[in-house]
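**Q** What follows is a single structure, and I will ask about it in a moment.
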Amino acid sequence: MPTVVLLDSSLSMTRPVSVEGSEEFQRKNLAVHGMTMLFEHMATNYRLEFTSLVAFSSLWELLVPFSRDYNTLQVVLVTDGALGIGRGSLRHSLQTVKQRVDDKKFPLPFPFPSKLYVMCIANAEELQATDSMDNLEQLINLNGGEGQIYTMEGPLCLKSVQSMFGKLIDQAYSPFHAVLRCGNLTSDVQVFPRPEPVTIDEEVDPIPKTVQTDLEIVGFIEIGDISSPPVLSRHLVLPIAVSKEGDEIGTGATDDTEEETSTNQMAGKSPNFCVLLHGSLKVEGMVALVQLGPDWFGMLYSQADSKKKSNLMMSLFDPGSEPLPWLGRMSQLGPASDAAENPYGEDDSKSPFPIQPKHKRSYAQNVTVWIKASGLQTDVQKILRNAKKLPEKTQTFYKELNRLRKAALAFGFWELLKSVAELLERECTLLPDSAHPDAAFQLSHAAQQLKLASSGDSKYAAFEQNITPMLTDFSGGGGADRI
Amino acid sequence: MRIFSVSHKTAFVVDHCPYMAESSRQLIECDMLTKSRSQGVIPLAPVSKSLWTCAIECSMEYCRILYDVYPTKKLVNYIVSDSEVHILNSWKQENQNTQELMTALAAVGPPNPRQDPECCSVLHGLVAAVESLCKITEYQHESRTTLMDTADRVANRGRIICLTNAKSDTHVRMLEDCVLETIQEQNKRAAGSDRLMPIQQCELVLVHIYPQGEETLVSDRQKKELSSVLSSEVHSVRAGRYLAGKLNVLVQQHFDLASTTITNIPMKEEQHANTSANYDVELLHHRDAHIEFIKTQPSFHCMNTSRDSGLKETVTLKWCTPRTNSVELHYCTGAYRISPVDVNSRPSSCLTNFLLNGRSVLLEQPRKSGSKVISHMLSSHGGEIFLHVLNSTRSTLEDPPSISEGCGGRVTDYRITDFGEFMRENRLTPFPESMVDAACRTPVERAKFQLERHTRYWPMIISQTTIFNMQAVVPLANLIVKDTLTDEDVLTCQKTVYNLVDMERKSDPLPISTAGSRGKGPKRDEQYRIMWNELETLVKAHVGTSERHQRVLDCISACRSKPPEEEERKKRGRKREDKEDKTEKNGKDTEEKGWTTDSERLKGVMEREKDEQSECEIIKDSPDSPEPLNKKPRLATEEQQPPEKSKGPVSLLTLWTNRITQANSRKHQEFAGRLSSVNSKAELYQHLKEENGMDVHENGKATR
C-alpha cells in the first residue's frame with residue numbers, strides 16, 4: 001500500500017521541548033527524527049513502498065509527489081495535536097462536517113480503502129487535557145475505524161519519538177519474511193507487499209486467516225490449465241540472503257555501502273532456488289501451486305513487465321478448499337505420476353483440466369424457454385421446417401418435436417401440444433403429390449402421439465418417454481408398425 | 001460474505017389450485033408460416049398459457065439463472081400446493097438442477113379445473129415451506145460438524161417465494177399470518193431436534209398473478225417486518241411477460257446480481273452469410289464484477305437501486321475480437337459465472353458457443369476519448385462461462401526489480417531445462433474424493449511427499465553436478481526417486497551402473513565442469529571418482545525408502561572404483577610429507593562436507609596434479625593396457641586386491657611405482673601391523689589395552 005506522510009508544519013510545531021542538560025529541541029525536530037527513522041526503515045526493509053510527503057499548516061504543499069495513481073493508501077499524519085482555532089481548524093471542520101455541501105465534502109472517509117495513522121508529537125495526557133484526542137479519534141472513526149493514533153510515552157525526547165515510530169513500523173511496515181520450499185530445495189524470501197489477513201465469512205469463521213511463513217510448493221500446473229484465475233492479491237517474492245548474524249542482506253541498502261556491495265555480490269553469485277524456479281516457470285509456461293496455510297493456496301509464476309524485466313510473483317487465491325472450480329478441490333490434487341494412466345498423455349497432448357461440473361449450465365444444454373413469444377414460435381417453426389423435408393430430416397424432426405413435447409409437459413402447456421398436432425395434420429393435407437409417401441405417415445403419426453400426450457394420460461404423457469419415428473415400408477423397417 | 005444468508009435456502013411455493021388453470025389471456029400466434037402460404041388455408045387459433053404455465057416457466061427461469069450463477073450452496077426447494085402438498089425435490093445438492101424439477105413438474109401436470117376448490121389452498125404449500133426451511137442442509141450440517149463448539153455460528157435463514165392468485169389484501173394477510181404462526185410452531189419443534197434448526201430469519205415474497213386485462217384485487221406492498229423473524233413483501237403482477245420481468249428483477253435482488261451488455265458482437269447474418277452485423281447480448285452475474293465502476297462512479301451505485309421501478313440498469317462493454325489463441329496469465333481480481341438473460345436467442349447462443357469452444361474475449365470500456373481500457377474478459381472453463389475482472393488500475397508492483405538483480409541473479413548455469421523437466425514430472429492432477437492411499441494421505445500430501453523425494457539430491461547449477469549432465473545416468477536417476485521399485489527397476493538401475501563401469505573401462509570422457517579452474521581440469525580417473533561419489537550421494541539419499549533401493553546402492557558400492565583413501569595411500573610413497581598432510585585433510589573434509597564441496601576438492605586435486613606435473617613427466621591416461629574389468633559385482637572383501645586392478649586407466653608412473661613397491665615388498669617381511677590391519681588401518685598400542693584393561697581409561701582421566 002503506498003504511503004502519504006503528512007507533516008504538520010504549523011507554528012505550534014516549533015514549540016521547544018525542555019530536556020535537561022542538552023541542546024534545545026523543537027517538536028518539529030522530534031517529528032523529523034521520527035520520520036527519518038521511518039524512511040530509513042522503508043529504504044532498507046520496504047524498498048518497494050511508494051511514499052509521498054506533504055507538509056501542511058493552514059495551507060499545504062506537496063513536497064514529494066507520487067509518480068502514479070493508486071487505489072489504496074496508507075496515510076501517516078505527523079502532528080503535535082494542536083488543532084488551531086477558528087475556521088479551517090480541525091475542531092471547526094469536524095463540528096460542521098454535516099453542514100457541508102457536496103462539492104466541498106470533508107476529505108474523510110477517503111473514496112478508496114485506506115489506513116490513517118496519526119503520530120502525535122505529544123503525550124496522551126497532554127492531548128486528553130484538551131479535546132484534541134477526541135477530535136483525532138473522530139478522524140479515525142470517520143475513516144471507518146481504519147487506522148490508529150500513536151502518542152509518545154514519557155518525556156518528549158528523541159528516544160520516545162523513536163519508540164513511537166518503532167511501533168508504527170512494527171504495525172504497518174514490518175517486512176514479511178518467509179521460507180519458500182519445494183521439497184528439500186529452499187530459499188529465504190521477502191514477500192512484498194506483505195500479505196494482509198483475510199476473512200472469508202465473518203459469520204461462520206470470523207478469525208482472519210494469515211499467510212504462514214512457510215510457503216510450501218505442492219506441485220505444478222500449466223498456465224493454460226490454471227487459466228487466468230481470480231486472485232485476492234499479488235506479491236513479489238524476493239530472495240534474500242540471511243547472514244550468520246541473522247540480519248537480512250541482499251534486498252536492502254545500508255549505510256556502509258562498500259561492505260554491502262561485496263556481500264550483495266556474493267549473494268548474487270551463490271545459486272538461489274527462486275532464480276532457478278523463476279527461470280523454469282518462465283521457460284515452461286507453468287505455475288507452481290503453493291500452500292499458504294490450512295486450506296489456503298496461491299500460485300507462483302514469472303511476471304514480466306514491458307521492459308523485459310521479469311520477477312517471481314505470488315498470487316493468493318481465496319482461502320477455502322475449492323478456490324478455482326476448474327481445478328476442483330485443492331486437497332484432491334495429487335501427483336500425475338500416481339494416476340493409472342498419464343492424464344497429460346504420453347505426448348503431452350491431453351490435460352486433466354478443466355474439471356467438468358456435474359450438471360451443464362443452461363447455455364450449454366439447449367434448454368427450452370418460452371417466456372418471449374418468439375422463443376416458442378422459433379421452436380414450432382423448427383418442427384415445421386423439418387416436417388417439409390421428411391423423410392430426409394426424420395431424425396431432426398423428432399428431436400425437435402420431443403424437445404417441444406417435454407417442455408410443454410413440464411410447463412403444463414397441453415394446449416400447445418394440441419395446437420402443434422393440428423399444425424402437423426394440416427401439413428399432411430398440404431403435402432404436394434411429389435412428396436415421399438413416408439412423409440404423410442410420419443406427420444400423422446407425430447400428430448396423433450402429441451394429441452395422446454396432451455390428454456395427460458400417464459401412458460402417453462411420461463416426461464422421459466420420447467416419440468419415436470414410425471417404422472414404415474418406406475423407411476426400410478420391413479413394414480411392421482411397432483408403435 | 002456469509003454463506004448462510006437468507007439466499008442459502010429458497011422455498012418456491014406454487015399454487016396448483018383449479019383457478020390457476022385459468023388463461024393468462026396473453027395470446028401467442030403459433031401459425032406463423034401461413035401468411036406466405038397459399039390462401040384459402042385458415043390459420044390456426046393462437047394459443048394462450050394458463051396462469052399455472054406462466055408461474056412455472058418464470059420460476060424455472062429464476063432457477064435457471066440461479067443455478068447458472070451459483071451451481072452450489074444456493075439451494076431451492078420446490079413445492080406445489082393444491083389439496084395436498086407435492087414436494088418436488090430436497091435441499092440436497094444433487095437435486096439442484098432444472099432438469100429434475102422439469103421432470104417432477106411434468107408428473108404433476110397442470111391444475112385440474114374440476115378439482116373441488118374447497119379442498120385446495122396454497123396454505124398447505126406455505127406450511128410445508130416453513131417446515132422445509134427448518135430442515136438442515138448438507139452445508140449447514142457440514143459446517144456445524146467442523147465448527148464443533150462454535151456450531152451456533154451456523155445460522156438458519158431462508159426465503160419463501162409464493163406464486164399464487166390471491167383473492168384480496170385480506171387473503172394476503174391471512175397467508176402471512178399463517179406463515180408467521182407456522183414459524184413459531186416449527187421453531188419450538190426444531191429446538192429439540194438434531195436434523196432441524198429454528199428459523200432465525202425468513203423473507204416471504206408473495207407474488208400475486210392475475211390474468212391480463214383484469215384489474216388486480218391485491219395491492220403491492222414493500223418489504224415490512226412482521227416480526228423479528230419474518231418480513232414480507234407483496235408483488236401484484238399480470239401474468240405473461242410482466243411476471244417474467246418481475247421474477248428476473250427478484251432473482252437479481254435476491255442473489256446480488258448485476259447486468260452487463262456485451263455490445264458490438266460481430267455475427268454472420270442468417271440469410272446473407274457473407275455480411276455481418278453487430279449484436280448485443282445481455283448477461284447476468286454477481287454484482288462484484290462491477291466493483292470498479294461502483295467505486296469510481298459513486299452515482300452508479302445509486303442508479304442500481306432504482307431497479308424496482310422496472311428500469312433496467314446494465315453496464316455496456318465492448319467486444320474486442322480476439323487476435324490470437326495464445327495462453328496468457330492475466331491479472332484477474334475476480335471471476336463470476338454468467339447467465340445469459342435471453343438464453344435461446346441467436347446472438348446469445350452464438351456468443352456462448354464461441355466461448356464454450358475455448359476462445360476468450362477481452363471486453364473494453366466504451367469511452368469517447370482517451371486510451372483503450374480493457375477491464376473484463378469472458379472465458380469458459382469446463383463448460384462454464386465466467387466473466388473475469390481484469391485489473392485496469394495501475395499497480396503498486398509496477399517496475400519491480402528484475403530477478404537477475406537479486407540473490408543468485410548473477411549465476412548463469414542454472415539447470416533451467418532440468419528443473420522444467422522436474423516440474424513436468426511433478427504436475428498435478430485431480431483424484432476422486434474416495435482415493436486415499438494406504439497411509440491415509442490426501443493427494444496433495446502425496447504430492448508434497450513426492451517433491452520431497454525428488455529433491456533429496458538436486459544440484460541447482462550445471463557446474464555442481466556430473467551425473468545429471470550424463471545421459472547414461474538418466475534411467476537410474478529417474479527410477480531411484482520413486483516410492484517403490486520393482487525388480488525390473490532394480491535391474492535397470494544395475495544396468496545403468498554396469499554401463500558406467502563400462503564407460504570407465506573405455507575411459508569415455510565425462511562432462512565434468514572445468515568452470516573456475518585453469519588448465520584441462522581433473523584427470524579422467526579423478527573425474528570418475530567424482531562421478532561415482534555423486535552417484536552414491538544420490539542413491540544414498542534414497543536407501544531408506546525400500547530394500548530394493550538399498551540393492552541399487554549395494555550394486556554401486558560393489559562396482560565403483562576404489563574409494564579415495566586407497567588412492568591416497570597409494571600416492572603416499574612418492575609424496576613429500578607436507579603435501580601428504582594437505583591431501584589427507586582435503587580428503588577428510590570431502591567426506592564430511594559431502595557433495596557440496598566436490599568442486600572445491602576438485603580444485604585441490606587439480607593443484608596437486610599441477611605440482612606433480614612440475615615434479616616429473618606425466619603420461620596422460622593411456623588406453624594401452626587397461627585391465628579387463630570384472631563384470632560380476634565384486635564383494636567388499638575383494639577390496640584388498642592390488643589397487644591397479646580395481647582401477648581403469650593407470651598412468652605409467654603409477655604402474656612403475658606399483659611394480660617397484662611390489663618387487664620391494666617381496667624382499668622384506670610385511671609389518672605385523674599391516675598384516676593385521678582393517679582397511680589398512682592398524683590400531684596402535686593394542687597391548688596396553690590388553691594388559692591394563694579398563695585402567696587405562698581411569699588412569700587417563702586421572703580421577704585419583
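Numbering starts fresh at 1 for the residues of each chain in the C-alpha cells, the chains themselves are lettered A, B, ... in the order given, and ligands are numbered from 1 as they appear.
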Which residues, written as an mmCIF file with N, CA, C and O atoms, in the first residue's frame, have at least one atom at most 7 Å from stretch 422-433 of chain A, with only C-alpha atoms counted and residues fewer than 4 positions away on the same chain left out?
**A**
data_model
loop_
_atom_site.group_PDB
_atom_site.id
_atom_site.type_symbol
_atom_site.label_atom_id
_atom_site.label_comp_id
_atom_site.auth_asym_id
_atom_site.auth_seq_id
_atom_site.Cartn_x
_atom_site.Cartn_y
_atom_site.Cartn_z
ATOM 1 N N LYS A 418 -51.785 -29.774 -28.454
ATOM 2 C CA LYS A 418 -52.938 -29.936 -29.354
ATOM 3 C C LYS A 418 -52.750 -29.081 -30.593
ATOM 4 O O LYS A 418 -52.983 -29.505 -31.725
ATOM 5 N N ALA A 440 -46.223 -38.428 -45.127
ATOM 6 C CA ALA A 440 -47.598 -38.404 -44.629
ATOM 7 C C ALA A 440 -47.748 -39.310 -43.408
ATOM 8 O O ALA A 440 -48.352 -38.930 -42.409
ATOM 9 N N LEU A 443 -46.046 -37.628 -40.353
ATOM 10 C CA LEU A 443 -46.757 -36.451 -39.862
ATOM 11 C C LEU A 443 -48.007 -36.850 -39.078
ATOM 12 O O LEU A 443 -48.236 -36.360 -37.972
ATOM 13 N N SER A 444 -48.764 -37.792 -39.619
ATOM 14 C CA SER A 444 -49.989 -38.146 -38.898
ATOM 15 C C SER A 444 -49.663 -38.933 -37.631
ATOM 16 O O SER A 444 -50.327 -38.792 -36.607
ATOM 17 N N ALA A 447 -48.590 -36.317 -35.060
ATOM 18 C CA ALA A 447 -49.743 -35.549 -34.598
ATOM 19 C C ALA A 447 -50.561 -36.375 -33.601
ATOM 20 O O ALA A 447 -50.967 -35.889 -32.551
#
**Q** Using only C-alpha atoms, can you tell me which of A:Lys309, A:Leu116, A:Leu108, A:Glu40 comes closest to A:Leu6?
**A**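 The shortest atom-to-atom distance to A:Leu6 comes from A:Leu116.
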**Q** Considering only C-alpha atoms, return as number ranges by chain whatever protein or nucleic-acid residues lie within 12 Å of A:Pro206, sequence-local ones (same chain, fewer than 5 positions apart) excluded.
**A** A: 197-201; B: 1-2, 147, 150, 153-154
**Q** Just the residues within 12 Å of B:Arg144, please, counting only C-alpha atoms, with nothing from its chain fewer than 2 positions along; format it as a VMD selection string.
**A** (chain A and resid 204 to 205) or (chain B and resid 4 136 to 142 146 to 156 194 to 195 197)
**Q** At a cut-off of 7 Å, using only C-alpha atoms, what residues contact B:Ile65? Leave out same-chain residues fewer than 4 positions from it and give the result as a PDB file with all heavy atoms, in the first residue's frame.
**A**
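Now in out25.pdb:
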ATOM      1  N   GLU B  61     -37.219 -20.118 -14.923  1.00  0.00           N
ATOM      2  CA  GLU B  61     -36.240 -19.160 -15.417  1.00  0.00           C
ATOM      3  C   GLU B  61     -35.435 -18.591 -14.251  1.00  0.00           C
ATOM      4  O   GLU B  61     -34.214 -18.426 -14.342  1.00  0.00           O
ATOM      5  CB  GLU B  61     -36.967 -18.042 -16.185  1.00  0.00           C
ATOM      6  CG  GLU B  61     -36.093 -16.988 -16.799  1.00  0.00           C
ATOM      7  CD  GLU B  61     -35.250 -17.477 -17.969  1.00  0.00           C
ATOM      8  OE1 GLU B  61     -35.285 -18.675 -18.293  1.00  0.00           O
ATOM      9  OE2 GLU B  61     -34.529 -16.637 -18.549  1.00  0.00           O
ATOM     10  N   VAL B  69     -25.480 -19.195 -12.156  1.00  0.00           N
ATOM     11  CA  VAL B  69     -24.560 -18.296 -11.458  1.00  0.00           C
ATOM     12  C   VAL B  69     -24.036 -18.933 -10.167  1.00  0.00           C
ATOM     13  O   VAL B  69     -22.888 -18.741  -9.790  1.00  0.00           O
ATOM     14  CB  VAL B  69     -25.246 -16.942 -11.179  1.00  0.00           C
ATOM     15  CG1 VAL B  69     -24.315 -15.998 -10.436  1.00  0.00           C
ATOM     16  CG2 VAL B  69     -25.704 -16.294 -12.485  1.00  0.00           C
ATOM     17  N   SER B 339     -24.975 -15.840 -16.673  1.00  0.00           N
ATOM     18  CA  SER B 339     -26.139 -16.481 -17.260  1.00  0.00           C
ATOM     19  C   SER B 339     -26.721 -15.505 -18.269  1.00  0.00           C
ATOM     20  O   SER B 339     -26.983 -14.360 -17.925  1.00  0.00           O
ATOM     21  CB  SER B 339     -27.168 -16.801 -16.177  1.00  0.00           C
ATOM     22  OG  SER B 339     -28.228 -17.524 -16.743  1.00  0.00           O
TER      23      SER B 339
END
**Q** Between A:Asn123, A:Thr472, A:Ser163, A:Gln365, single out the one closest to chain B, counting only C-alpha atoms.
**A** A:Gln365
**Q** For A:Ala178, please output as a list of chain:residue names all residues within 12 Å (counting only C-alpha atoms; exclusion window: fewer than 2 positions along the same chain).
**A** A:Pro175, A:Phe176, A:Leu180, A:Arg181, A:Thr186, A:Ser187, A:Asp188, A:Val189, A:Gln190, A:Val191, A:Phe192, A:Arg194, A:Pro195, A:Val211, A:Gln212, A:Thr213, A:Asp214, A:Leu215, A:Glu216, A:Val237, A:Leu238, A:Pro239, A:Ile240, A:Ala241, A:Val242, A:Glu248, A:Leu292
**Q** Could you please determine the separation between atom CA of B:Ala191 and atom CA of B:Glu233 in Å, to one decimal place?
**A** 27.3 Å
**Q** Give the answer as one residue: which of B:Glu421, B:Asp288, B:Asp554, B:Glu364 has the shortest atom-to-atom distance to chain A, using only C-alpha atoms?
**A**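 Looking at the shortest contact to chain A, the residue is B:Glu421.
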